$ cat entry_15.tsv   # TSV, C-alpha atoms
chain	number	residue	atom	x	y	z
N	1	MET	CA	59.14	-58.37	14.60
N	2	ARG	CA	60.69	-55.83	12.22
N	3	TRP	CA	63.27	-58.24	10.82
N	4	LYS	CA	64.68	-57.57	7.36
N	5	ARG	CA	65.86	-61.15	6.77
N	6	THR	CA	65.29	-64.49	8.48
N	7	ILE	CA	66.95	-67.82	7.81
N	8	GLN	CA	66.13	-71.09	9.57
N	9	LEU	CA	69.04	-73.27	10.63
N	10	LEU	CA	69.09	-76.93	11.63
N	11	ASP	CA	72.01	-77.43	14.01
N	12	VAL	CA	74.12	-80.46	13.14
N	13	HIS	CA	77.61	-81.68	13.96
N	14	CYS	CA	79.71	-84.40	12.37
N	15	GLU	CA	82.12	-86.09	14.76
N	16	GLY	CA	82.33	-82.82	16.71
N	17	GLU	CA	82.60	-80.39	13.78
N	18	ILE	CA	79.56	-78.09	13.58
N	19	GLY	CA	77.90	-77.81	10.17
N	20	LYS	CA	74.63	-75.91	10.53
N	21	VAL	CA	72.27	-76.32	7.58
N	22	ALA	CA	70.19	-73.40	6.30
N	23	ILE	CA	66.91	-75.13	5.50
N	24	GLY	CA	64.56	-72.14	5.17
N	25	GLY	CA	64.69	-68.55	4.01
N	26	VAL	CA	67.76	-69.00	1.78
N	27	PRO	CA	67.62	-66.32	-0.94
N	28	LYS	CA	67.94	-67.18	-4.60
N	29	ILE	CA	71.61	-67.49	-5.53
N	30	PRO	CA	72.42	-66.54	-9.15
N	31	GLY	CA	74.12	-69.14	-11.34
N	32	ASN	CA	73.37	-72.01	-13.70
N	33	SER	CA	75.52	-74.45	-11.71
N	34	ILE	CA	76.61	-74.81	-8.11
N	35	ALA	CA	80.12	-73.78	-9.21
N	36	GLU	CA	78.72	-70.56	-10.70
N	37	GLN	CA	76.77	-69.93	-7.50
N	38	LEU	CA	79.96	-70.47	-5.49
N	39	HIS	CA	81.72	-67.91	-7.68
N	40	TRP	CA	78.91	-65.40	-7.13
N	41	LEU	CA	79.01	-65.85	-3.37
N	42	ASN	CA	82.76	-65.20	-3.37
N	43	THR	CA	82.82	-62.24	-5.76
N	44	ASP	CA	79.54	-60.34	-5.55
N	45	PRO	CA	79.10	-57.90	-2.62
N	46	LYS	CA	75.60	-59.29	-1.96
N	47	GLY	CA	77.01	-62.83	-1.76
N	48	GLN	CA	79.70	-61.76	0.66
N	49	GLU	CA	77.10	-59.89	2.71
N	50	LEU	CA	75.04	-63.09	3.04
N	51	ARG	CA	78.05	-65.09	4.15
N	52	ARG	CA	79.09	-62.51	6.74
N	53	PHE	CA	75.52	-62.31	8.03
N	54	LEU	CA	75.53	-66.04	8.81
N	55	VAL	CA	79.08	-66.78	9.97
N	56	LEU	CA	80.40	-63.66	11.72
N	57	GLU	CA	79.45	-62.23	15.09
N	58	PRO	CA	77.02	-61.28	16.55
N	59	ARG	CA	74.90	-63.90	14.74
N	60	GLY	CA	77.64	-66.40	13.94
N	61	ALA	CA	80.60	-67.86	15.81
N	62	PRO	CA	84.21	-68.86	15.10
N	63	ILE	CA	83.54	-72.59	15.30
N	64	GLY	CA	81.79	-74.43	12.50
N	65	SER	CA	80.27	-73.74	9.10
N	66	VAL	CA	76.88	-72.79	7.71
N	67	ASN	CA	75.69	-74.84	4.73
N	68	LEU	CA	73.39	-73.12	2.25
N	69	LEU	CA	70.87	-75.71	1.08
N	70	LEU	CA	70.09	-75.02	-2.59
N	71	PRO	CA	67.99	-76.56	-5.36
N	72	ALA	CA	70.06	-79.10	-7.26
N	73	LYS	CA	71.32	-78.07	-10.69
N	74	HIS	CA	72.35	-81.59	-11.73
N	75	PRO	CA	69.47	-83.85	-12.81
N	76	GLU	CA	70.79	-86.76	-10.73
N	77	ALA	CA	71.04	-84.81	-7.47
N	78	ASP	CA	68.53	-84.54	-4.62
N	79	ALA	CA	69.86	-81.21	-3.32
N	80	GLY	CA	72.72	-78.79	-3.72
N	81	PHE	CA	74.75	-77.01	-1.07
N	82	ILE	CA	77.62	-74.58	-0.57
N	83	ILE	CA	79.71	-74.24	2.59
N	84	LEU	CA	80.03	-70.78	4.14
N	85	GLN	CA	83.03	-70.00	6.34
N	86	PRO	CA	84.61	-66.75	7.57
N	87	ASP	CA	87.13	-66.47	4.73
N	88	GLN	CA	84.90	-67.44	1.80
N	89	ALA	CA	82.36	-69.89	0.43
N	90	HIS	CA	83.87	-73.32	-0.18
N	91	ALA	CA	83.16	-76.01	-2.75
N	92	SER	CA	83.27	-79.26	-0.81
N	93	SER	CA	83.55	-80.79	2.65
N	94	GLY	CA	83.19	-84.33	3.94
N	95	SER	CA	81.96	-83.41	7.42
N	96	ASN	CA	79.51	-80.87	5.99
N	97	SER	CA	78.25	-83.40	3.43
N	98	ILE	CA	77.47	-85.72	6.34
N	99	CYS	CA	75.75	-82.85	8.20
N	100	VAL	CA	73.66	-81.96	5.13
N	101	THR	CA	72.69	-85.59	4.49
N	102	THR	CA	71.66	-86.02	8.12
N	103	ALA	CA	69.66	-82.77	8.00
N	104	LEU	CA	67.86	-83.68	4.76
N	105	LEU	CA	66.77	-87.07	6.07
N	106	GLU	CA	66.00	-86.32	9.72
N	107	SER	CA	64.03	-83.18	8.80
N	108	GLY	CA	62.02	-85.04	6.15
N	109	ILE	CA	63.14	-82.84	3.25
N	110	VAL	CA	64.28	-86.07	1.60
N	111	GLU	CA	62.28	-89.19	2.46
N	112	MET	CA	64.15	-91.54	4.76
N	113	LYS	CA	64.09	-95.21	3.83
N	114	GLU	CA	65.33	-97.93	6.16
N	115	PRO	CA	67.79	-99.61	6.36
N	116	GLU	CA	69.55	-97.37	3.80
N	117	THR	CA	68.82	-94.15	1.95
N	118	VAL	CA	70.95	-92.90	-0.92
N	119	VAL	CA	71.18	-89.11	-1.24
N	120	THR	CA	73.03	-87.42	-4.11
N	121	LEU	CA	74.44	-83.98	-3.32
N	122	ASP	CA	75.26	-81.38	-5.97
N	123	THR	CA	78.39	-79.44	-5.02
N	124	ALA	CA	80.67	-77.03	-6.85
N	125	ALA	CA	83.27	-79.81	-6.93
N	126	GLY	CA	80.87	-82.35	-8.44
N	127	LEU	CA	78.37	-84.94	-7.25
N	128	VAL	CA	78.82	-86.50	-3.80
N	129	ARG	CA	76.83	-89.68	-3.28
N	130	ALA	CA	75.85	-90.39	0.32
N	131	THR	CA	74.53	-93.71	1.61
N	132	ALA	CA	72.92	-93.25	5.02
N	133	THR	CA	72.36	-96.18	7.34
N	134	CYS	CA	68.97	-95.42	8.89
N	135	ARG	CA	67.06	-96.92	11.79
N	136	ASP	CA	64.14	-95.72	13.91
N	137	GLY	CA	63.97	-92.37	12.11
N	138	ARG	CA	67.61	-91.36	12.46
N	139	CYS	CA	70.85	-91.60	10.50
N	140	GLU	CA	73.26	-93.90	12.28
N	141	LYS	CA	76.13	-93.21	9.87
N	142	VAL	CA	76.77	-91.82	6.40
N	143	ARG	CA	79.17	-93.16	3.77
N	144	LEU	CA	80.20	-90.65	1.14
N	145	ILE	CA	81.58	-91.34	-2.32
N	146	MET	CA	83.70	-88.24	-2.72
N	147	VAL	CA	84.71	-86.37	-5.86
N	148	PRO	CA	87.91	-87.46	-7.67
N	149	SER	CA	91.00	-86.52	-5.67
N	150	PHE	CA	94.50	-86.08	-7.02
N	151	VAL	CA	98.04	-85.00	-6.28
N	152	HIS	CA	99.07	-81.60	-7.58
N	153	GLU	CA	102.69	-81.94	-6.42
N	154	LEU	CA	104.50	-84.09	-3.86
N	155	ASP	CA	107.38	-83.05	-1.61
N	156	VAL	CA	107.16	-79.32	-2.24
N	157	GLU	CA	109.93	-77.53	-0.33
N	158	LEU	CA	109.05	-74.37	1.55
N	159	ASP	CA	111.53	-72.15	3.37
N	160	THR	CA	110.16	-70.79	6.63
N	161	PRO	CA	111.78	-68.50	9.21
N	162	GLN	CA	110.19	-70.48	12.04
N	163	TRP	CA	111.02	-74.11	11.12
N	164	GLY	CA	113.58	-73.86	8.36
N	165	LYS	CA	112.93	-75.86	5.21
N	166	ILE	CA	109.85	-78.08	5.39
N	167	LYS	CA	108.28	-80.44	2.86
N	168	LEU	CA	104.60	-80.64	2.05
N	169	ASP	CA	102.25	-82.25	-0.44
N	170	LEU	CA	99.86	-80.11	-2.50
N	171	CYS	CA	96.74	-82.16	-3.20
N	172	TYR	CA	93.10	-81.85	-4.12
N	173	GLY	CA	90.31	-83.62	-2.24
N	174	GLY	CA	87.37	-81.40	-3.21
N	175	ILE	CA	89.41	-78.30	-2.32
N	176	PHE	CA	93.17	-77.82	-2.34
N	177	TYR	CA	95.28	-78.76	0.69
N	178	ALA	CA	98.84	-78.41	1.83
N	179	LEU	CA	99.56	-81.62	3.78
N	180	VAL	CA	102.36	-81.37	6.34
N	181	ASP	CA	103.86	-84.03	8.60
N	182	VAL	CA	103.44	-82.42	12.01
N	183	GLY	CA	106.87	-83.37	13.34
N	184	GLN	CA	108.44	-80.84	10.99
N	185	ILE	CA	107.10	-77.99	13.11
N	186	GLY	CA	108.14	-79.67	16.38
N	187	SER	CA	104.62	-80.38	17.61
N	188	LYS	CA	102.07	-83.16	18.02
N	189	ILE	CA	98.38	-83.35	17.14
N	190	GLU	CA	96.83	-83.01	20.58
N	191	LYS	CA	94.06	-80.80	21.96
N	192	GLY	CA	96.53	-78.88	24.10
N	193	ASN	CA	98.50	-77.91	20.99
N	194	ALA	CA	95.55	-76.60	18.99
N	195	ALA	CA	96.57	-72.94	19.17
N	196	THR	CA	100.15	-73.73	18.12
N	197	LEU	CA	98.97	-75.85	15.19
N	198	VAL	CA	96.50	-73.24	14.02
N	199	GLN	CA	99.08	-70.45	14.11
N	200	ALA	CA	101.53	-72.60	12.15
N	201	GLY	CA	98.85	-73.53	9.63
N	202	MET	CA	97.99	-69.90	8.95
N	203	VAL	CA	101.65	-69.04	8.36
N	204	ILE	CA	102.20	-71.98	6.00
N	205	LYS	CA	98.98	-71.36	4.08
N	206	ASP	CA	99.84	-67.72	3.51
N	207	ALA	CA	103.39	-68.59	2.37
N	208	ILE	CA	102.16	-71.27	-0.05
N	209	ASN	CA	99.50	-69.06	-1.63
N	210	ARG	CA	102.01	-66.24	-2.06
N	211	ALA	CA	104.59	-68.56	-3.63
N	212	MET	CA	102.44	-70.49	-6.08
N	213	THR	CA	99.04	-70.74	-7.70
N	214	VAL	CA	96.93	-73.88	-7.87
N	215	VAL	CA	93.76	-74.07	-9.95
N	216	HIS	CA	91.54	-77.06	-10.63
N	217	PRO	CA	92.11	-78.04	-14.28
N	218	GLU	CA	88.38	-78.43	-14.96
N	219	ILE	CA	86.71	-76.14	-12.38
N	220	PRO	CA	88.37	-72.70	-12.40
N	221	ALA	CA	86.12	-71.51	-9.54
N	222	ILE	CA	88.21	-73.77	-7.26
N	223	SER	CA	91.66	-72.29	-6.77
N	224	GLY	CA	94.22	-71.62	-4.07
N	225	VAL	CA	95.18	-73.69	-1.04
N	226	ALA	CA	92.15	-73.55	1.27
N	227	TYR	CA	93.62	-75.35	4.28
N	228	VAL	CA	96.79	-76.75	5.79
N	229	MET	CA	96.27	-80.21	7.26
N	230	PHE	CA	98.85	-81.57	9.67
N	231	ARG	CA	99.15	-85.35	9.76
N	232	ASP	CA	100.75	-88.06	11.87
N	233	ILE	CA	100.37	-91.78	12.57
N	234	ASP	CA	98.98	-92.99	15.91
N	235	PRO	CA	100.48	-96.06	17.61
N	236	ASP	CA	97.57	-98.22	16.38
N	237	GLY	CA	98.19	-97.16	12.78
N	238	ALA	CA	95.35	-94.64	12.52
N	239	ILE	CA	96.05	-91.44	10.58
N	240	ARG	CA	95.92	-88.52	13.02
N	241	THR	CA	94.90	-85.20	11.43
N	242	CYS	CA	94.44	-81.56	12.26
N	243	THR	CA	93.08	-79.29	9.55
N	244	THR	CA	93.72	-75.63	10.32
N	245	MET	CA	91.11	-73.17	9.12
N	246	TRP	CA	91.18	-69.42	8.59
N	247	PRO	CA	91.12	-67.14	10.51
N	248	GLY	CA	92.40	-69.38	13.29
N	249	ARG	CA	90.79	-72.62	14.40
N	250	ALA	CA	91.14	-76.39	14.12
N	251	ASP	CA	88.65	-78.72	12.44
N	252	ARG	CA	87.08	-80.89	15.14
N	253	SER	CA	86.41	-83.76	12.72
N	254	PRO	CA	89.08	-85.89	11.01
N	255	CYS	CA	88.29	-83.88	7.81
N	256	GLY	CA	86.78	-85.64	4.80
N	257	THR	CA	88.26	-83.56	1.97
N	258	GLY	CA	91.63	-83.47	3.73
N	259	ASN	CA	91.68	-87.24	4.12
N	260	SER	CA	90.62	-87.59	0.47
N	261	ALA	CA	93.61	-85.46	-0.52
N	262	ASN	CA	95.91	-87.43	1.78
N	263	LEU	CA	94.64	-90.73	0.38
N	264	ALA	CA	95.70	-89.52	-3.06
N	265	THR	CA	99.26	-89.11	-1.71
N	266	LEU	CA	99.22	-92.61	-0.22
N	267	HIS	CA	98.11	-94.05	-3.56
N	268	ALA	CA	100.72	-92.04	-5.45
N	269	ARG	CA	103.44	-93.36	-3.14
N	270	GLY	CA	102.26	-96.96	-3.46
N	271	LYS	CA	100.95	-97.12	0.13
N	272	ALA	CA	97.25	-97.55	-0.73
N	273	LYS	CA	95.39	-99.62	-3.30
N	274	VAL	CA	91.78	-100.07	-4.37
N	275	GLY	CA	89.79	-101.72	-1.58
N	276	ASP	CA	91.97	-100.46	1.28
N	277	ILE	CA	90.25	-98.86	4.29
N	278	PHE	CA	92.06	-96.64	6.78
N	279	LYS	CA	91.03	-95.19	10.13
N	280	SER	CA	91.51	-91.43	10.53
N	281	ARG	CA	91.36	-89.77	13.94
N	282	SER	CA	90.83	-86.09	14.66
N	283	ILE	CA	92.51	-83.81	17.18
N	284	ILE	CA	89.65	-84.57	19.64
N	285	GLY	CA	89.74	-88.33	18.97
N	286	SER	CA	86.65	-88.69	16.74
N	287	GLU	CA	87.02	-91.00	13.76
N	288	PHE	CA	86.28	-91.50	10.07
N	289	GLU	CA	86.71	-94.56	7.91
N	290	VAL	CA	88.60	-93.61	4.74
N	291	GLY	CA	88.41	-95.97	1.78
N	292	LEU	CA	89.91	-96.12	-1.71
N	293	GLN	CA	87.04	-97.14	-3.98
N	294	ALA	CA	88.51	-96.71	-7.46
N	295	VAL	CA	91.15	-95.05	-9.59
N	296	THR	CA	90.36	-92.58	-12.34
N	297	GLU	CA	91.76	-89.49	-14.09
N	298	VAL	CA	91.16	-85.75	-13.92
N	299	ALA	CA	92.29	-83.82	-16.99
N	300	GLY	CA	94.81	-86.58	-17.72
N	301	LYS	CA	96.18	-86.65	-14.16
N	302	PRO	CA	95.98	-89.87	-12.09
N	303	ALA	CA	93.21	-89.57	-9.51
N	304	ILE	CA	91.30	-91.69	-7.01
N	305	ILE	CA	87.71	-91.99	-5.81
N	306	PRO	CA	87.75	-91.88	-1.98
N	307	THR	CA	85.00	-92.82	0.46
N	308	ILE	CA	84.47	-91.20	3.85
N	309	THR	CA	82.26	-92.71	6.56
N	310	GLY	CA	81.23	-90.85	9.71
N	311	ARG	CA	78.28	-89.81	11.88
N	312	GLY	CA	76.13	-86.70	12.01
N	313	PHE	CA	73.96	-85.59	14.94
N	314	THR	CA	71.24	-82.91	15.07
N	315	PHE	CA	71.24	-80.85	18.25
N	316	GLY	CA	68.98	-77.87	17.71
N	317	LEU	CA	66.80	-75.71	15.50
N	318	SER	CA	67.24	-71.96	15.33
N	319	GLN	CA	66.35	-68.86	13.34
N	320	VAL	CA	68.82	-66.09	12.63
N	321	ALA	CA	67.44	-62.65	11.80
N	322	LEU	CA	68.55	-59.18	10.85
N	323	ASP	CA	67.09	-56.05	12.38
N	324	PRO	CA	67.12	-53.37	9.63
N	325	PHE	CA	68.41	-50.83	12.17
N	326	ASP	CA	71.26	-53.05	13.42
N	327	PRO	CA	74.56	-51.14	12.94
N	328	MET	CA	76.43	-54.48	13.01
N	329	ALA	CA	74.65	-55.94	9.98
N	330	GLU	CA	77.97	-56.65	8.23
N	331	GLY	CA	79.23	-58.75	11.13
N	332	PHE	CA	82.57	-58.57	12.89
N	333	ALA	CA	85.32	-60.73	14.37
N	334	MET	CA	87.63	-60.11	17.32
N	335	THR	CA	91.18	-61.37	17.70
N	336	ASP	CA	90.51	-62.42	21.30
N	337	VAL	CA	88.36	-65.34	20.07
N	338	TRP	CA	88.98	-65.72	16.34
N	339	GLY	CA	92.78	-65.48	16.46
N	340	PRO	CA	95.30	-63.02	15.01
N	341	SER	CA	94.00	-63.35	11.44
N	342	ALA	CA	90.63	-61.93	12.49
N	343	GLY	CA	92.06	-58.50	11.83
N	344	ASP	CA	91.85	-59.29	8.10
N	345	ILE	CA	88.10	-60.04	8.13

$ encode --input "entry_15.tsv" --output "structure tokens"
Amino acid sequence: MRWKRTIQLLDVHCEGEIGKVAIGGVPKIPGNSIAEQLHWLNTDPKGQELRRFLVLEPRGAPIGSVNLLLPAKHPEADAGFIILQPDQAHASSGSNSICVTTALLESGIVEMKEPETVVTLDTAAGLVRATATCRDGRCEKVRLIMVPSFVHELDVELDTPQWGKIKLDLCYGGIFYALVDVGQIGSKIEKGNAATLVQAGMVIKDAINRAMTVVHPEIPAISGVAYVMFRDIDPDGAIRTCTTMWPGRADRSPCGTGNSANLATLHARGKAKVGDIFKSRSIIGSEFEVGLQAVTEVAGKPAIIPTITGRGFTFGLSQVALDPFDPMAEGFAMTDVWGPSAGDI
């Protein structure tokens, strides 16, 4: 073959959300920390070229992420990773952390020990500690101790032409979220409403990022609202979520970083305390357990340490390659599949 570049991918999903893991052929990413590597991927033309190569058509697809497996920079970590999505490289993700943990153990990159294996992941947002329940050579479930999560601002009012004045919470759960009670846009979190929710999420995200700036007080590489997560309460008390992702799709999992951010709001409002465990349910009905492990501070702000428990499943092994004569090396996206925002890619 006359391929210019090849990268090996282990196909994994977490509760329905695809998080492929690049386990071979990943080029060296400049930076002395994962946060610096994240910054390079998002600002250097070569970093953006790598992301587009893996996530856009004809090699990529609208659904899911690609996780770049990297050597750990932190001495306590077993591996580092960065999440690649169509808009940019991202710092943290609960579902992708579960995918990466599952990939590391079931591929043998990290030795699996039964009944439990602890894997420490180095991310741009900090260390994520994963405890995998293992049996007969597979991960049955993974419990994550997430990075500190905190409220940036509660009950932010936003004027919209579509729904009038709505309220939302701006919170950090590894990345920044705008959390919106779904009833305010006259919809429900159901599979049949996915397109409506995604379109609303893109509008709200754009309006928020134009109106205000949010930056992590200790990690300047993490800034801006990455996602809008709609939330509701199911009849059995479970938290129903739908995280909307640029350029126009819904997270299939309940969303680990989004639930971490939402848990910070529950704690701030006196609705959650240390030791509490909540069930969170996604738009397709898959579930996470969300726990409040401890309270802490981030740059003097009250914060919490959340836990997220879910399942990852491997479903394939593939190799993506680039023909040096391919005129579509930069990748592309079409509005017929990716949604209206694909025109901005």

$ closest_atom_pairs --input "entry_15.tsv" --of "stretch 109-212 of chain N" --to "stretch 255-277 of chain N" --cutoff "8 Å" --atoms "all atoms listed in the file" --output "CSV"
residue,atom,partner,partner_atom,distance
N:Met146,CA,N:Ser260,CA,7.6
N:Ser149,CA,N:Ala261,CA,5.9
N:Phe150,CA,N:Ala264,CA,5.4
N:Val151,CA,N:Ala264,CA,6.0
N:Leu154,CA,N:Thr265,CA,7.6
N:Asp169,CA,N:Thr265,CA,7.6
N:Cys171,CA,N:Ala261,CA,5.3
N:Tyr172,CA,N:Ala261,CA,5.1
N:Gly173,CA,N:Ala261,CA,4.2
N:Gly174,CA,N:Thr257,CA,5.7
N:Ile175,CA,N:Thr257,CA,6.9
N:Phe176,CA,N:Ala261,CA,7.9
N:Tyr177,CA,N:Gly258,CA,6.7
N:Leu179,CA,N:Asn262,CA,7.1

$ residues_around --input "entry_15.tsv" --residues "stretch 37-51 of chain N" --least-positions-apart "2" --cutoff "8 Å" --atoms "all atoms listed in the file" --output "list in words"
Ile29, Pro30, Gly31, Asn32, Ser33, Ile34, Ala35, Phe53, Leu54, Val55, Ile82, Leu84, Gln85, Pro86, Gln88, Ala89, His90, Ala91, Ala124, Ala221 and Glu330 of chain N

$ closest_residue --input "entry_15.tsv" --among "N:Ile18, N:Val147, N:Ile233, N:Leu105" --to "N:Ile63" --atoms "all atoms listed in the file"
N:Ile18

$ closest_residue --input "entry_15.tsv" --among "N:Ile7, N:Ile283, N:Cys99, N:Val180" --to "N:Gly19" --atoms "only C-alpha atoms"
N:Cys99

$ atom_distance --input "entry_15.tsv" --atom1 "atom CA of N:Ile109" --atom2 "atom CA of N:Asp78"
9.7 Å

$ atom_distance --input "entry_15.tsv" --atom1 "atom CA of N:Ser97" --atom2 "atom CA of N:Ala178"
21.2 Å

$ residues_around --input "entry_15.tsv" --residues "stretch 133-142 of chain N" --least-positions-apart "3" --cutoff "6 Å" --atoms "only C-alpha atoms" --output "PyMOL selection string"
chain N and resi 106+114-116+309-311

$ closest_residue --input "entry_15.tsv" --among "N:Ile204, N:Ile284, N:Val298, N:Ala194" --to "N:Ala250" --atoms "only C-alpha atoms"
N:Ala194

$ residues_around --input "entry_15.tsv" --residues "N:Thr335" --least-positions-apart "3" --cutoff "12 Å" --atoms "all atoms listed in the file" --output "NGL selection string"
:N and (62 or 247-249 or 332 or 338-345)

$ atom_distance --input "entry_15.tsv" --atom1 "atom CA of N:Asp323" --atom2 "atom CA of N:Gly80"
28.4 Å

$ closest_residue --input "entry_15.tsv" --among "N:Lys28, N:Lys113, N:Lys165, N:Lys205" --to "N:Trp246" --atoms "only C-alpha atoms"
N:Lys205

$ residues_around --input "entry_15.tsv" --residues "N:Gln319" --least-positions-apart "3" --cutoff "12 Å" --atoms "only C-alpha atoms" --output "PyMOL selection string"
chain N and resi 3+5-11+20-26+54+59-60+316+322

$ closest_residue --input "entry_15.tsv" --among "N:Asn193, N:Thr314, N:Thr213, N:Thr120" --to "N:Phe230" --atoms "only C-alpha atoms"
N:Asn193

$ residues_around --input "entry_15.tsv" --residues "N:Thr160" --least-positions-apart "3" --cutoff "9 Å" --atoms "all atoms listed in the file" --output "MDAnalysis selection string"
chainID N and resid 163:166 203:204 207

$ closest_residue --input "entry_15.tsv" --among "N:Ala195, N:Val100, N:Ala125, N:Ile219" --to "N:Leu70" --atoms "all atoms listed in the file"
N:Val100

$ axis_aligned_box --input "entry_15.tsv" --around "stretch 173-192 of chain N" --padding-each-side "8 Å" --output "lines of an AutoDock Vina configuration file"
center_x = 97.9
center_y = -80.9
center_z = 10.4
size_x = 37.1
size_y = 22.2
size_z = 43.3

$ build_atoms --input "entry_15.tsv" --residues "stretch 117-132 of chain N" --atoms "N, CA, C and O atoms" --output "PDB file, keeping the file's coordinate frame"
ATOM      1  N   THR N 117      69.311 -95.158   2.878  1.00  0.00           N
ATOM      2  CA  THR N 117      68.820 -94.150   1.950  1.00  0.00           C
ATOM      3  C   THR N 117      70.010 -93.569   1.202  1.00  0.00           C
ATOM      4  O   THR N 117      71.002 -93.190   1.828  1.00  0.00           O
ATOM      5  N   VAL N 118      69.897 -93.504  -0.109  1.00  0.00           N
ATOM      6  CA  VAL N 118      70.950 -92.900  -0.920  1.00  0.00           C
ATOM      7  C   VAL N 118      70.540 -91.467  -1.265  1.00  0.00           C
ATOM      8  O   VAL N 118      69.437 -91.232  -1.763  1.00  0.00           O
ATOM      9  N   VAL N 119      71.408 -90.517  -0.962  1.00  0.00           N
ATOM     10  CA  VAL N 119      71.180 -89.110  -1.240  1.00  0.00           C
ATOM     11  C   VAL N 119      72.332 -88.616  -2.126  1.00  0.00           C
ATOM     12  O   VAL N 119      73.502 -88.838  -1.794  1.00  0.00           O
ATOM     13  N   THR N 120      71.997 -87.965  -3.228  1.00  0.00           N
ATOM     14  CA  THR N 120      73.030 -87.420  -4.110  1.00  0.00           C
ATOM     15  C   THR N 120      73.065 -85.905  -3.943  1.00  0.00           C
ATOM     16  O   THR N 120      72.054 -85.227  -4.107  1.00  0.00           O
ATOM     17  N   LEU N 121      74.243 -85.400  -3.606  1.00  0.00           N
ATOM     18  CA  LEU N 121      74.440 -83.980  -3.320  1.00  0.00           C
ATOM     19  C   LEU N 121      75.167 -83.318  -4.480  1.00  0.00           C
ATOM     20  O   LEU N 121      76.189 -83.823  -4.961  1.00  0.00           O
ATOM     21  N   ASP N 122      74.649 -82.179  -4.916  1.00  0.00           N
ATOM     22  CA  ASP N 122      75.260 -81.380  -5.970  1.00  0.00           C
ATOM     23  C   ASP N 122      76.153 -80.337  -5.323  1.00  0.00           C
ATOM     24  O   ASP N 122      75.676 -79.483  -4.563  1.00  0.00           O
ATOM     25  N   THR N 123      77.450 -80.402  -5.571  1.00  0.00           N
ATOM     26  CA  THR N 123      78.390 -79.440  -5.020  1.00  0.00           C
ATOM     27  C   THR N 123      79.174 -78.786  -6.160  1.00  0.00           C
ATOM     28  O   THR N 123      79.182 -79.274  -7.289  1.00  0.00           O
ATOM     29  N   ALA N 124      79.861 -77.707  -5.843  1.00  0.00           N
ATOM     30  CA  ALA N 124      80.670 -77.030  -6.850  1.00  0.00           C
ATOM     31  C   ALA N 124      81.810 -77.901  -7.342  1.00  0.00           C
ATOM     32  O   ALA N 124      82.338 -77.699  -8.437  1.00  0.00           O
ATOM     33  N   ALA N 125      82.195 -78.896  -6.543  1.00  0.00           N
ATOM     34  CA  ALA N 125      83.270 -79.810  -6.930  1.00  0.00           C
ATOM     35  C   ALA N 125      82.761 -81.019  -7.689  1.00  0.00           C
ATOM     36  O   ALA N 125      83.555 -81.811  -8.191  1.00  0.00           O
ATOM     37  N   GLY N 126      81.444 -81.182  -7.770  1.00  0.00           N
ATOM     38  CA  GLY N 126      80.870 -82.350  -8.440  1.00  0.00           C
ATOM     39  C   GLY N 126      79.867 -83.044  -7.548  1.00  0.00           C
ATOM     40  O   GLY N 126      79.536 -82.578  -6.447  1.00  0.00           O
ATOM     41  N   LEU N 127      79.364 -84.186  -8.015  1.00  0.00           N
ATOM     42  CA  LEU N 127      78.370 -84.940  -7.250  1.00  0.00           C
ATOM     43  C   LEU N 127      79.035 -85.722  -6.129  1.00  0.00           C
ATOM     44  O   LEU N 127      80.068 -86.372  -6.322  1.00  0.00           O
ATOM     45  N   VAL N 128      78.417 -85.673  -4.945  1.00  0.00           N
ATOM     46  CA  VAL N 128      78.820 -86.500  -3.800  1.00  0.00           C
ATOM     47  C   VAL N 128      77.646 -87.425  -3.493  1.00  0.00           C
ATOM     48  O   VAL N 128      76.527 -86.954  -3.260  1.00  0.00           O
ATOM     49  N   ARG N 129      77.899 -88.712  -3.525  1.00  0.00           N
ATOM     50  CA  ARG N 129      76.830 -89.680  -3.280  1.00  0.00           C
ATOM     51  C   ARG N 129      76.939 -90.210  -1.852  1.00  0.00           C
ATOM     52  O   ARG N 129      77.976 -90.725  -1.445  1.00  0.00           O
ATOM     53  N   ALA N 130      75.873 -90.027  -1.097  1.00  0.00           N
ATOM     54  CA  ALA N 130      75.850 -90.390   0.320  1.00  0.00           C
ATOM     55  C   ALA N 130      74.895 -91.556   0.538  1.00  0.00           C
ATOM     56  O   ALA N 130      73.743 -91.510   0.092  1.00  0.00           O
ATOM     57  N   THR N 131      75.379 -92.589   1.220  1.00  0.00           N
ATOM     58  CA  THR N 131      74.530 -93.710   1.610  1.00  0.00           C
ATOM     59  C   THR N 131      74.386 -93.665   3.125  1.00  0.00           C
ATOM     60  O   THR N 131      75.369 -93.853   3.857  1.00  0.00           O
ATOM     61  N   ALA N 132      73.183 -93.381   3.580  1.00  0.00           N
ATOM     62  CA  ALA N 132      72.920 -93.250   5.020  1.00  0.00           C
ATOM     63  C   ALA N 132      72.333 -94.546   5.551  1.00  0.00           C
ATOM     64  O   ALA N 132      71.363 -95.073   4.992  1.00  0.00           O
TER      65      ALA N 132
END
